[in-house]
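See below for work-v1.txt, which holds compact mmCIF, C-alpha atoms and all ligand atoms.
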```
# COMPACT_ATOMS: atom_id res chain seq x y z
CA MET A 1416 204.70 83.94 13.73
CA VAL A 1417 208.09 82.36 12.99
CA GLN A 1418 208.02 80.55 9.66
CA THR A 1419 210.74 78.13 8.66
CA GLU A 1420 209.48 77.68 5.11
CA PHE A 1421 206.84 78.92 2.71
CA LYS A 1422 204.78 77.16 0.07
CA LEU A 1423 205.38 78.11 -3.54
CA ASN A 1424 202.60 78.06 -6.15
CA THR A 1425 204.35 75.01 -7.67
CA GLY A 1426 203.60 73.04 -4.49
CA ALA A 1427 207.28 73.00 -3.46
CA THR A 1428 208.49 74.55 -0.23
CA ILE A 1429 211.10 77.28 -0.01
CA PRO A 1430 213.22 77.68 3.14
CA ALA A 1431 212.50 81.03 4.82
CA VAL A 1432 216.15 82.07 5.21
CA ALA A 1433 218.74 81.97 2.41
CA LEU A 1434 222.40 82.84 2.32
CA GLY A 1435 222.90 85.82 -0.01
CA SER A 1436 226.00 85.81 -2.22
CA TRP A 1437 226.18 89.21 -3.94
CA GLN A 1438 229.53 90.91 -3.32
CA SER A 1439 230.93 87.78 -1.70
CA GLY A 1440 234.41 87.97 -3.15
CA PRO A 1441 236.79 85.39 -4.58
CA GLY A 1442 238.10 83.07 -1.91
CA GLU A 1443 235.20 83.95 0.43
CA VAL A 1444 232.21 82.41 -1.25
CA ALA A 1445 232.88 78.67 -1.10
CA GLN A 1446 233.72 78.74 2.60
CA ALA A 1447 230.66 80.92 3.33
CA VAL A 1448 228.31 78.55 1.48
CA GLU A 1449 229.89 75.51 3.14
CA ALA A 1450 229.67 77.11 6.60
CA ALA A 1451 226.05 78.11 6.00
CA ILE A 1452 224.95 74.65 4.94
CA LYS A 1453 226.85 73.03 7.81
CA CYS A 1454 225.08 75.26 10.36
CA GLY A 1455 221.63 74.59 8.95
CA TYR A 1456 220.92 76.75 5.87
CA ARG A 1457 219.15 74.89 3.09
CA HIS A 1458 218.74 77.82 0.73
CA VAL A 1459 221.39 79.72 -1.26
CA ASP A 1460 220.67 82.80 -3.36
CA GLY A 1461 222.98 83.43 -6.29
CA ALA A 1462 223.06 85.02 -9.72
CA PHE A 1463 224.94 84.80 -13.00
CA MET A 1464 225.82 88.50 -12.53
CA TYR A 1465 227.53 87.88 -9.16
CA LYS A 1466 230.31 86.16 -11.10
CA ASN A 1467 230.91 83.72 -8.26
CA GLU A 1468 228.74 80.72 -9.14
CA GLU A 1469 231.75 78.39 -9.43
CA GLU A 1470 232.55 79.05 -5.78
CA VAL A 1471 228.90 78.69 -4.75
CA GLY A 1472 228.99 75.27 -6.42
CA GLN A 1473 232.25 74.38 -4.66
CA GLY A 1474 230.75 75.32 -1.29
CA ILE A 1475 227.71 73.14 -1.96
CA LYS A 1476 229.94 70.21 -2.90
CA LYS A 1477 232.22 70.65 0.11
CA SER A 1478 229.25 70.71 2.50
CA GLY A 1479 228.51 67.10 1.56
CA ILE A 1480 224.77 67.81 1.57
CA ASP A 1481 222.43 65.76 -0.59
CA ARG A 1482 221.40 68.04 -3.49
CA LYS A 1483 217.73 67.22 -2.94
CA GLU A 1484 217.87 68.83 0.51
CA LEU A 1485 218.97 72.18 -0.88
CA PHE A 1486 217.08 75.03 -2.47
CA VAL A 1487 219.31 76.85 -4.96
CA THR A 1488 218.29 80.04 -6.74
CA THR A 1489 220.08 81.75 -9.58
CA LYS A 1490 219.12 84.57 -11.91
CA LEU A 1491 218.94 85.38 -15.59
CA TRP A 1492 221.15 88.32 -16.45
CA SER A 1493 219.77 91.15 -18.59
CA THR A 1494 222.04 90.63 -21.62
CA TYR A 1495 220.49 87.15 -21.99
CA HIS A 1496 216.80 88.14 -22.02
CA ARG A 1497 216.46 86.95 -25.62
CA ASN A 1498 217.91 83.55 -24.69
CA PRO A 1499 217.28 82.58 -21.06
CA GLU A 1500 218.27 78.96 -21.60
CA ALA A 1501 221.80 79.96 -22.66
CA CYS A 1502 222.30 81.93 -19.44
CA LEU A 1503 220.78 79.14 -17.37
CA ASP A 1504 223.08 76.57 -18.99
CA GLU A 1505 226.12 78.70 -18.15
CA SER A 1506 224.97 79.06 -14.55
CA LEU A 1507 224.31 75.32 -14.18
CA LYS A 1508 227.74 74.53 -15.58
CA LYS A 1509 229.42 76.92 -13.16
CA LEU A 1510 227.38 75.69 -10.20
CA GLY A 1511 228.03 72.06 -11.16
CA LEU A 1512 224.30 71.32 -10.89
CA ASP A 1513 221.69 69.73 -13.16
CA TYR A 1514 218.89 72.03 -12.08
CA VAL A 1515 218.06 75.02 -9.91
CA ASP A 1516 215.07 75.18 -7.60
CA LEU A 1517 214.24 78.71 -8.66
CA TYR A 1518 215.26 80.74 -11.70
CA LEU A 1519 214.57 84.46 -11.46
CA MET A 1520 214.58 87.21 -14.05
CA HIS A 1521 217.14 89.40 -12.26
CA TRP A 1522 215.85 92.75 -13.59
CA PRO A 1523 212.87 93.29 -15.91
CA VAL A 1524 215.12 95.24 -18.28
CA PRO A 1525 216.70 93.63 -21.35
CA LEU A 1526 220.17 94.89 -22.23
CA ASN A 1527 221.79 94.79 -25.66
CA PRO A 1528 223.31 91.29 -26.00
CA LYS A 1529 225.72 92.57 -28.66
CA GLY A 1530 226.79 95.72 -26.87
CA ASN A 1531 230.18 96.97 -25.72
CA ASP A 1532 230.21 94.80 -22.56
CA PRO A 1533 228.82 91.28 -21.95
CA TYR A 1534 227.31 92.28 -18.58
CA LEU A 1535 226.63 96.02 -18.56
CA PRO A 1536 226.73 97.42 -22.10
CA THR A 1537 226.57 101.20 -22.30
CA ARG A 1538 225.80 103.80 -24.94
CA PRO A 1539 228.25 106.56 -25.88
CA ASP A 1540 226.62 108.88 -23.31
CA GLY A 1541 227.32 106.34 -20.56
CA SER A 1542 223.68 105.26 -20.10
CA ARG A 1543 222.82 101.56 -20.10
CA ASP A 1544 222.37 100.08 -23.55
CA LEU A 1545 218.76 98.88 -23.23
CA ASP A 1546 217.40 96.31 -25.67
CA THR A 1547 213.81 97.48 -25.48
CA ASP A 1548 212.92 98.53 -29.04
CA SER A 1549 211.99 95.06 -30.23
CA TRP A 1550 212.18 93.06 -26.99
CA SER A 1551 210.60 93.35 -23.54
CA TYR A 1552 210.55 91.55 -20.21
CA ILE A 1553 207.13 90.21 -21.23
CA LYS A 1554 208.73 88.24 -24.06
CA THR A 1555 211.47 87.22 -21.65
CA TRP A 1556 208.88 85.83 -19.26
CA GLN A 1557 207.29 83.82 -22.07
CA ALA A 1558 210.73 82.42 -22.94
CA MET A 1559 211.33 81.57 -19.28
CA GLU A 1560 208.02 79.68 -19.15
CA GLY A 1561 209.52 77.38 -21.77
CA LEU A 1562 212.25 76.42 -19.30
CA MET A 1563 209.74 74.65 -17.05
CA SER A 1564 209.62 71.65 -19.40
CA THR A 1565 213.41 71.28 -19.61
CA GLY A 1566 213.86 69.85 -16.10
CA LYS A 1567 216.57 72.46 -15.48
CA VAL A 1568 214.35 74.66 -13.27
CA LYS A 1569 211.81 73.63 -10.65
CA ALA A 1570 210.22 77.07 -10.50
CA ILE A 1571 210.53 80.43 -12.23
CA GLY A 1572 210.06 83.90 -10.85
CA VAL A 1573 211.06 87.52 -11.13
CA SER A 1574 213.06 90.10 -9.26
CA ASN A 1575 212.82 93.87 -9.06
CA CYS A 1576 209.23 93.83 -10.32
CA SER A 1577 206.90 96.45 -8.87
CA ILE A 1578 203.13 95.87 -8.87
CA ALA A 1579 202.91 97.59 -12.29
CA TYR A 1580 205.43 95.16 -13.76
CA LEU A 1581 203.83 92.12 -12.14
CA GLU A 1582 200.42 93.15 -13.48
CA GLU A 1583 201.80 93.23 -17.03
CA ILE A 1584 203.33 89.78 -16.62
CA LEU A 1585 200.16 88.34 -15.09
CA LYS A 1586 198.14 89.53 -18.09
CA ILE A 1587 199.99 87.08 -20.36
CA ALA A 1588 201.40 84.52 -17.93
CA LYS A 1589 200.76 80.83 -18.43
CA VAL A 1590 202.98 80.28 -15.38
CA VAL A 1591 202.44 82.70 -12.48
CA PRO A 1592 205.82 83.79 -11.07
CA ALA A 1593 206.58 81.73 -7.95
CA CYS A 1594 208.50 84.59 -6.32
CA ASP A 1595 209.34 88.25 -6.64
CA GLN A 1596 212.72 89.16 -5.13
CA MET A 1597 212.81 92.82 -4.11
CA GLU A 1598 214.64 95.19 -1.81
CA VAL A 1599 212.53 94.99 1.36
CA HIS A 1600 213.50 96.13 4.85
CA VAL A 1601 212.45 98.53 7.59
CA LEU A 1602 213.23 101.60 5.45
CA ASN A 1603 211.46 100.14 2.39
CA PRO A 1604 208.77 97.85 3.82
CA GLU A 1605 206.83 97.31 0.54
CA LEU A 1606 203.53 96.83 2.39
CA LYS A 1607 201.34 97.09 -0.73
CA LEU A 1608 203.60 94.85 -2.79
CA ASN A 1609 203.53 92.18 -0.08
CA ASP A 1610 199.71 92.27 -0.02
CA PHE A 1611 199.60 92.16 -3.83
CA CYS A 1612 201.98 89.19 -4.00
CA LYS A 1613 200.01 87.29 -1.37
CA SER A 1614 196.77 87.89 -3.29
CA LYS A 1615 198.36 86.38 -6.42
CA GLY A 1616 200.13 83.44 -4.75
CA ILE A 1617 203.59 84.95 -5.31
CA VAL A 1618 206.13 84.61 -2.48
CA LEU A 1619 207.97 87.86 -1.78
CA GLN A 1620 211.70 87.62 -1.08
CA ALA A 1621 213.62 90.41 0.65
CA TYR A 1622 217.05 91.34 -0.60
CA SER A 1623 219.33 93.70 1.33
CA PRO A 1624 217.31 92.94 4.51
CA LEU A 1625 220.09 94.40 6.67
CA GLY A 1626 220.54 97.49 4.47
CA SER A 1627 223.25 95.92 2.27
CA THR A 1628 226.98 96.63 2.64
CA GLY A 1629 227.92 97.23 6.28
CA SER A 1630 224.37 96.38 7.49
CA PRO A 1631 223.48 100.04 8.31
CA LEU A 1632 219.90 99.24 9.39
CA MET A 1633 221.21 97.59 12.54
CA LYS A 1634 221.99 101.06 13.88
CA GLU A 1635 218.42 102.38 13.68
CA GLN A 1636 217.26 103.24 17.21
CA ILE A 1637 213.85 101.60 16.77
CA VAL A 1638 215.59 98.35 15.77
CA GLN A 1639 217.98 98.59 18.72
CA ASP A 1640 215.07 99.18 21.11
CA ILE A 1641 213.14 96.15 19.87
CA ALA A 1642 216.33 94.07 20.05
CA LYS A 1643 216.82 95.07 23.68
CA LYS A 1644 213.20 94.28 24.53
CA HIS A 1645 213.53 90.72 23.14
CA ASP A 1646 217.17 90.26 24.21
CA ILE A 1647 218.29 89.54 20.66
CA GLU A 1648 220.64 91.27 18.22
CA ALA A 1649 219.56 94.04 15.87
CA GLY A 1650 220.11 91.83 12.82
CA ASN A 1651 217.68 89.28 14.20
CA VAL A 1652 215.03 91.99 14.58
CA LEU A 1653 215.48 93.03 10.95
CA LEU A 1654 215.19 89.45 9.69
CA SER A 1655 212.39 88.40 12.09
CA TYR A 1656 210.35 91.47 11.10
CA LEU A 1657 210.31 90.29 7.47
CA ASN A 1658 209.86 86.62 8.31
CA ASN A 1659 206.88 87.35 10.57
CA ARG A 1660 205.31 89.18 7.60
CA GLY A 1661 205.64 86.07 5.43
CA ILE A 1662 208.68 87.19 3.44
CA VAL A 1663 211.76 85.09 2.57
CA VAL A 1664 214.99 86.77 3.74
CA LEU A 1665 218.38 86.53 1.99
CA PRO A 1666 221.00 87.92 4.41
CA LYS A 1667 224.49 87.93 2.90
CA SER A 1668 227.56 87.30 5.00
CA VAL A 1669 230.97 85.73 4.49
CA THR A 1670 231.60 85.67 8.25
CA PRO A 1671 230.76 82.26 9.76
CA SER A 1672 229.67 83.65 13.16
CA ARG A 1673 227.27 86.11 11.46
CA ILE A 1674 226.02 83.47 9.04
CA GLU A 1675 225.01 81.36 12.02
CA LYS A 1676 223.46 84.27 13.93
CA ASN A 1677 221.31 85.24 10.94
CA LEU A 1678 219.45 81.94 11.17
CA LYS A 1679 217.86 83.00 14.44
CA ILE A 1680 214.31 84.11 13.73
CA VAL A 1681 211.95 84.95 16.58
CA ASP A 1682 208.34 86.03 17.06
CA LEU A 1683 208.17 89.79 17.44
CA ASP A 1684 205.16 91.37 19.13
CA LYS A 1685 202.29 92.66 17.03
CA GLU A 1686 203.09 96.19 18.18
CA ASP A 1687 206.74 95.78 17.07
CA ILE A 1688 205.63 94.80 13.57
CA GLU A 1689 203.16 97.69 13.43
CA ALA A 1690 205.79 100.17 14.60
CA LEU A 1691 208.33 98.89 12.05
CA ASN A 1692 205.70 98.94 9.28
CA LYS A 1693 205.09 102.64 9.92
CA PHE A 1694 208.65 103.66 10.70
CA ALA A 1695 209.99 104.56 7.23
CA LYS A 1696 206.99 106.72 6.34
CA ASP A 1697 206.59 108.40 9.73
CA SER A 1698 210.31 109.15 10.10
CA GLY A 1699 210.73 110.34 6.50
CA LYS A 1700 213.56 107.82 6.13
CA LEU A 1701 212.12 105.81 3.25
CA LYS A 1702 215.19 104.64 1.36
CA ARG A 1703 216.60 102.11 -1.09
CA PHE A 1704 220.21 100.98 -0.91
CA CYS A 1705 220.37 99.13 -4.22
CA ASN A 1706 219.28 101.51 -6.96
CA PRO A 1707 221.28 100.95 -10.13
CA PRO A 1708 221.09 103.54 -12.93
CA TRP A 1709 218.90 101.61 -15.35
CA GLY A 1710 217.28 104.71 -16.82
CA VAL A 1711 213.89 103.13 -16.21
CA ASP A 1712 210.96 104.10 -13.98
CA PHE A 1713 210.24 100.84 -12.15
CA LYS A 1714 206.86 102.02 -10.91
CA VAL A 1715 205.53 102.27 -14.47
CA SER A 1716 206.10 99.12 -16.48
CA LEU A 1717 208.10 99.35 -19.69
CA ALA A 1718 205.33 97.51 -21.51
CA THR A 1719 202.89 100.24 -20.50
CA LEU A 1720 205.34 102.93 -21.43
CA MET A 1721 205.97 101.38 -24.83
CA SER A 1722 202.32 100.83 -25.60
CA THR A 1723 201.45 104.43 -24.77
CA SER A 1724 204.50 105.96 -26.47
CA LEU A 1725 205.60 107.46 -23.21
CA LYS A 1726 208.98 105.79 -23.32
CA ALA A 1727 210.64 109.19 -23.53
CA MET A 1728 209.39 109.90 -20.04
CA CYS A 1729 211.90 107.41 -18.63
CA ALA A 1730 214.29 109.67 -16.79
CA TYR A 1731 217.91 108.66 -16.75
CA ASP A 1732 218.87 108.06 -13.14
CA SER A 1733 222.56 108.74 -12.71
CA GLY A 1734 222.88 107.07 -9.30
CA GLN A 1735 225.52 104.61 -8.16
CA ASN A 1736 226.38 101.72 -10.44
CA THR A 1737 225.24 98.71 -8.48
CA MET A 1738 223.56 95.67 -9.88
CA GLY A 1739 222.62 93.37 -6.96
N1 LIG A 1801 217.72 90.56 -6.92
C1 LIG A 1801 218.50 91.60 -6.76
O1 LIG A 1801 218.55 92.54 -7.58
C2 LIG A 1801 219.36 91.67 -5.54
C3 LIG A 1801 219.93 92.89 -5.15
C4 LIG A 1801 220.72 92.92 -3.98
C5 LIG A 1801 220.88 91.75 -3.25
N2 LIG A 1801 220.32 90.57 -3.66
C6 LIG A 1801 220.48 89.30 -2.88
O2 LIG A 1801 220.20 89.57 -1.51
C7 LIG A 1801 221.35 89.27 -0.72
C8 LIG A 1801 221.43 90.17 0.50
O3 LIG A 1801 221.49 91.53 0.17
P1 LIG A 1801 222.84 92.40 0.33
O4 LIG A 1801 223.99 91.55 0.04
O5 LIG A 1801 222.63 93.62 -0.49
O6 LIG A 1801 222.87 92.88 1.82
P2 LIG A 1801 222.47 92.44 3.32
O7 LIG A 1801 222.30 90.99 3.42
O8 LIG A 1801 221.36 93.35 3.73
O9 LIG A 1801 223.77 92.92 4.11
C9 LIG A 1801 225.02 92.36 3.90
C10 LIG A 1801 226.02 93.08 4.78
O10 LIG A 1801 225.69 92.86 6.16
C11 LIG A 1801 226.80 92.29 6.83
N3 LIG A 1801 226.24 91.35 7.82
C12 LIG A 1801 225.56 90.21 7.58
N4 LIG A 1801 225.16 89.63 8.72
C13 LIG A 1801 225.59 90.43 9.73
C14 LIG A 1801 225.48 90.35 11.14
N5 LIG A 1801 224.84 89.35 11.75
N6 LIG A 1801 226.06 91.34 11.88
C15 LIG A 1801 226.70 92.38 11.26
N7 LIG A 1801 226.82 92.50 9.94
C16 LIG A 1801 226.27 91.53 9.16
C17 LIG A 1801 227.64 91.63 5.76
O11 LIG A 1801 229.00 91.60 6.15
P3 LIG A 1801 230.00 90.32 5.96
O12 LIG A 1801 229.66 89.63 4.69
O13 LIG A 1801 231.35 90.99 5.91
O14 LIG A 1801 229.83 89.46 7.17
C18 LIG A 1801 227.44 92.60 4.60
O15 LIG A 1801 228.28 93.73 4.72
C19 LIG A 1801 222.50 89.44 -1.73
O16 LIG A 1801 223.71 88.88 -1.26
C20 LIG A 1801 221.91 88.77 -2.94
O17 LIG A 1801 221.97 87.36 -2.81
C21 LIG A 1801 219.54 90.52 -4.78
```

Output the file's structure as structure tokens, nothing else.
Amino acid sequence: MVQTEFKLNTGATIPAVALGSWQSGPGEVAQAVEAAIKCGYRHVDGAFMYKNEEEVGQGIKKSGIDRKELFVTTKLWSTYHRNPEACLDESLKKLGLDYVDLYLMHWPVPLNPKGNDPYLPTRPDGSRDLDTDSWSYIKTWQAMEGLMSTGKVKAIGVSNCSIAYLEEILKIAKVVPACDQMEVHVLNPELKLNDFCKSKGIVLQAYSPLGSTGSPLMKEQIVQDIAKKHDIEAGNVLLSYLNNRGIVVLPKSVTPSRIEKNLKIVDLDKEDIEALNKFAKDSGKLKRFCNPPWGVDFKVSLATLMSTSLKAMCAYDSGQNTMG
């Protein structure tokens, strides 16, 4: 069923479609945010790491919308895990806002705050300079809980947390994460994670719903076939599939015509959803597009690894350097 918004465990509502802003370049972001709000978006997804929050803020201002009508998300970057409020304050200043509706831990991996780069510090061998000997995302979550009383965040949540990571957080949480933002799409449907999140009152958000840069998932034949059947575009199938499963979608575009199109969510048939749920596994095409080389196994939580001295088992993944 088409859902225009979802209920968070704070009692607030979150609009079901957000404008994504990762890789929206200088000079593109403000006009994209303004265009999105003017055509009906009420939700913008950003991050400190996207290095474009000033423009996101300009777009919000230019749209003329009342702040209270908007849902703005930003994210804590990994070099600030020991001091989430400092990162939040920088984001708020850049956005020109007093508060965000949702503050997410971008990745559950602390990075050395005093390393050789303020965003992505590396070790001499080129691997990421993790700050995990005396800190962990569990401590970060506890520090983020403290933000709830500052009035600067309406809700807090996580991103890139598998079930194993969420379980570790839930063991100590005084505040249950409102959301988990993950890569979710037809080639990575995260069926178990969605069920887990629902059982814990956590709203799942789907990043890279179109397959990220160049929207490659639109070309999948199964998506094209379902689009033809419903007389809609492939992108609308990809977004409706997630929406119908109760997942927030964050399509990114800097192209006004696409921004508008991506708002169109329809009811797919039960058999479409079932076919898309099975597609990645049955076709052997299971795939992630955003897989930065953290050097961490995200299926086994760092807290578990540390407590069982298995940290050495973390294989260094030398994939592409993306950070979403
Ligand atoms: N939490 C995390 O770690 C994380 C990681 C990745 C992403 N995210 C969030 O999720 C958002 C979305 O993910 P994403 O940016 O990776 O990718 P995406 O939204 O799956 O795809 C974006 C790409 O699709 C194109 N596109 C958008 N709408 C289209 C349409 N209707 N027809 C044809 N092409 C279309 C865009 O082109 P144009 O812009 O040129 O129109 C862009 O190349 C991000 O922007 C970010 O806010 C979060």

For the interface of stretch 1599-1624 of chain A with stretch 1658-1678 of chain A (cut-off 9 Å, counting all atoms listed in the file), please tabulate each contacting residue of stretch 1599-1624 of chain A alongside its nearest pair of atoms and their separation in Å to one decimal, rows sorted by chain and increasing number, as JSON lines.
```
{"residue": "A:Val1599", "atom": "CA", "partner": "A:Val1664", "partner_atom": "CA", "distance": 8.9}
{"residue": "A:Asn1609", "atom": "CA", "partner": "A:Ile1662", "partner_atom": "CA", "distance": 8.0}
{"residue": "A:Lys1613", "atom": "CA", "partner": "A:Gly1661", "partner_atom": "CA", "distance": 8.9}
{"residue": "A:Val1618", "atom": "CA", "partner": "A:Ile1662", "partner_atom": "CA", "distance": 6.9}
{"residue": "A:Leu1619", "atom": "CA", "partner": "A:Ile1662", "partner_atom": "CA", "distance": 5.3}
{"residue": "A:Gln1620", "atom": "CA", "partner": "A:Val1663", "partner_atom": "CA", "distance": 4.4}
{"residue": "A:Ala1621", "atom": "CA", "partner": "A:Val1664", "partner_atom": "CA", "distance": 5.0}
{"residue": "A:Tyr1622", "atom": "CA", "partner": "A:Leu1665", "partner_atom": "CA", "distance": 5.6}
{"residue": "A:Ser1623", "atom": "CA", "partner": "A:Pro1666", "partner_atom": "CA", "distance": 6.8}
{"residue": "A:Pro1624", "atom": "CA", "partner": "A:Pro1666", "partner_atom": "CA", "distance": 6.2}
```

Next, write the just-selected residues to a file, as a CSV table (one decimal), keeping the file's coordinate frame, keeping C-alpha atoms as the atom set.
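File produced: again12.csv:
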```
chain,number,residue,atom,x,y,z
A,1599,VAL,CA,212.5,95.0,1.4
A,1609,ASN,CA,203.5,92.2,-0.1
A,1613,LYS,CA,200.0,87.3,-1.4
A,1618,VAL,CA,206.1,84.6,-2.5
A,1619,LEU,CA,208.0,87.9,-1.8
A,1620,GLN,CA,211.7,87.6,-1.1
A,1621,ALA,CA,213.6,90.4,0.6
A,1622,TYR,CA,217.0,91.3,-0.6
A,1623,SER,CA,219.3,93.7,1.3
A,1624,PRO,CA,217.3,92.9,4.5
```

* **Residue among A:Phe1713, A:Tyr1656, A:Trp1522, A:Trp1550 lying closest to A:Asp1595, counting only C-alpha atoms** =>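 Among A:Phe1713, A:Tyr1656, A:Trp1522, A:Trp1550, it is A:Trp1522 that comes nearest to A:Asp1595.
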
* Asked: What is the distance between atom O5 of ligand LIG 1801 (chain A) and atom CA of A:Lys1490, in Å to one decimal?
  ->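 Separation of atom O5 of ligand LIG 1801 (chain A) and atom CA of A:Lys1490: 15.0 Å.
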
* Structure fact -> Atom pair atom C3 of ligand LIG 1801 (chain A) + atom CA of A:Leu1485, distance 21.2 Å

* **Using only C-alpha atoms and all ligand atoms: which of A:Ile1553, A:Leu1581, A:Leu1423, A:Ala1649 has the shortest distance to ligand LIG 1801 (chain A)** =>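 That would be A:Ala1649, the residue with the smallest distance to ligand LIG 1801 (chain A).
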
* Using all atoms listed in the file, find the one residue out of A:Ile1637, A:Met1559, A:Val1591, A:Cys1705 that sits nearest to ligand LIG 1801 (chain A). =>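 Going through A:Ile1637, A:Met1559, A:Val1591, A:Cys1705 one by one, the smallest distance to ligand LIG 1801 (chain A) is for A:Cys1705.
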
* To do: Identify which of the residues A:Glu1635, A:Asp1481, A:Met1563, A:Phe1486 lies closest to A:Glu1420, counting all atoms listed in the file when measuring atom-to-atom distances.
  =>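 Closest to A:Glu1420, using all atoms listed in the file: A:Phe1486.
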
* To do: Would you mind listing what lies within 8 Å of A:Asn1424 as a list in words, with all atoms listed in the file counted and same-chain residues fewer than 5 positions away left out?
  =>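 In the requested format, the answer is Val1591, Ala1593, Gly1616 and Ile1617 of chain A.
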
* Structure fact -> For A:Val1487, the closest of A:Lys1702, A:Lys1589, A:Lys1644, A:Arg1457 counting all atoms listed in the file is A:Arg1457

* Find the spatial neighbours of A:Gly1474, counting all atoms listed in the file, within a cut-off of 8 Å - ignore same-chain residues fewer than 5 positions away - and output them as a list in words. =>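 Residues meeting the cut-off are Val1444, Ala1445, Gln1446, Ala1447, Val1448 and Glu1449 of chain A.
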
* Kindly give the distance, in Å, that separates atom CA of A:Met1464 and atom CA of A:Met1520, rounded to a single decimal. => 11.4 Å

* To do: For stretch 1534-1544 of chain A, please output as a list in words all residues within 10 Å (counting only C-alpha atoms; exclusion window: fewer than 2 positions along the same chain).
  => Phe1463, Met1464, Trp1492, Ser1493, Thr1494, Tyr1495, Pro1525, Leu1526, Asn1527, Pro1528, Lys1529, Gly1530, Asn1531, Asp1532, Asp1546, Thr1547, Pro1708, Trp1709, Gly1710, Val1711, Tyr1731, Asp1732, Ser1733, Asn1736 and Met1738 of chain A

* 8 Å contact set for A:Lys1567, only C-alpha atoms, chain neighbours under 4 positions out, as a list in words ->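 The neighbour list is Asp1513, Tyr1514, Val1515, Leu1562 and Met1563 of chain A.
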
As a CSV table (one decimal) with C-alpha atoms, keeping the file's coordinate frame, please: the residues near A:Ile1571 (cut-off 6 Å, only C-alpha atoms, same-chain neighbours under 2 positions excluded).
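Output file result-v1.csv is given in full below:
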```csv
chain,number,residue,atom,x,y,z
A,1517,LEU,CA,214.2,78.7,-8.7
A,1518,TYR,CA,215.3,80.7,-11.7
A,1519,LEU,CA,214.6,84.5,-11.5
A,1592,PRO,CA,205.8,83.8,-11.1
A,1593,ALA,CA,206.6,81.7,-8.0
```

* Asked: With distances taken over all atoms listed in the file, which of A:Asp1684, A:Gly1650, A:Glu1605, A:Asp1610 is nearest to A:Leu1701?
  ->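 When distances to A:Leu1701 are compared using all atoms listed in the file, the smallest one comes from A:Glu1605.
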
May I have the protein, DNA and RNA residues with any atom at most 7 Å from the point (216.2, 93.9, 10.7), counting only C-alpha atoms, written as a PDB file with C-alpha atoms, in the coordinates of the input?
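Writing done, so here's selection.pdb:
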```
ATOM      1  CA  HIS A1600     213.500  96.130   4.850  1.00  0.00           C
ATOM      2  CA  VAL A1601     212.450  98.530   7.590  1.00  0.00           C
ATOM      3  CA  PRO A1624     217.310  92.940   4.510  1.00  0.00           C
ATOM      4  CA  LEU A1625     220.090  94.400   6.670  1.00  0.00           C
ATOM      5  CA  LEU A1632     219.900  99.240   9.390  1.00  0.00           C
ATOM      6  CA  MET A1633     221.210  97.590  12.540  1.00  0.00           C
ATOM      7  CA  VAL A1638     215.590  98.350  15.770  1.00  0.00           C
ATOM      8  CA  ALA A1649     219.560  94.040  15.870  1.00  0.00           C
ATOM      9  CA  GLY A1650     220.110  91.830  12.820  1.00  0.00           C
ATOM     10  CA  ASN A1651     217.680  89.280  14.200  1.00  0.00           C
ATOM     11  CA  VAL A1652     215.030  91.990  14.580  1.00  0.00           C
ATOM     12  CA  LEU A1653     215.480  93.030  10.950  1.00  0.00           C
ATOM     13  CA  LEU A1654     215.190  89.450   9.690  1.00  0.00           C
ATOM     14  CA  SER A1655     212.390  88.400  12.090  1.00  0.00           C
ATOM     15  CA  TYR A1656     210.350  91.470  11.100  1.00  0.00           C
TER      16      TYR A1656
END
```

Around all of stretch 1629-1633 of chain A's listed atoms, make the axis-aligned box with 6 Å on each side and tell me centre and edge lengths in Å to one decimal, as JSON.
```
{"center_x": 223.9, "center_y": 98.2, "center_z": 9.4, "size_x": 20.0, "size_y": 15.7, "size_z": 18.3}
```
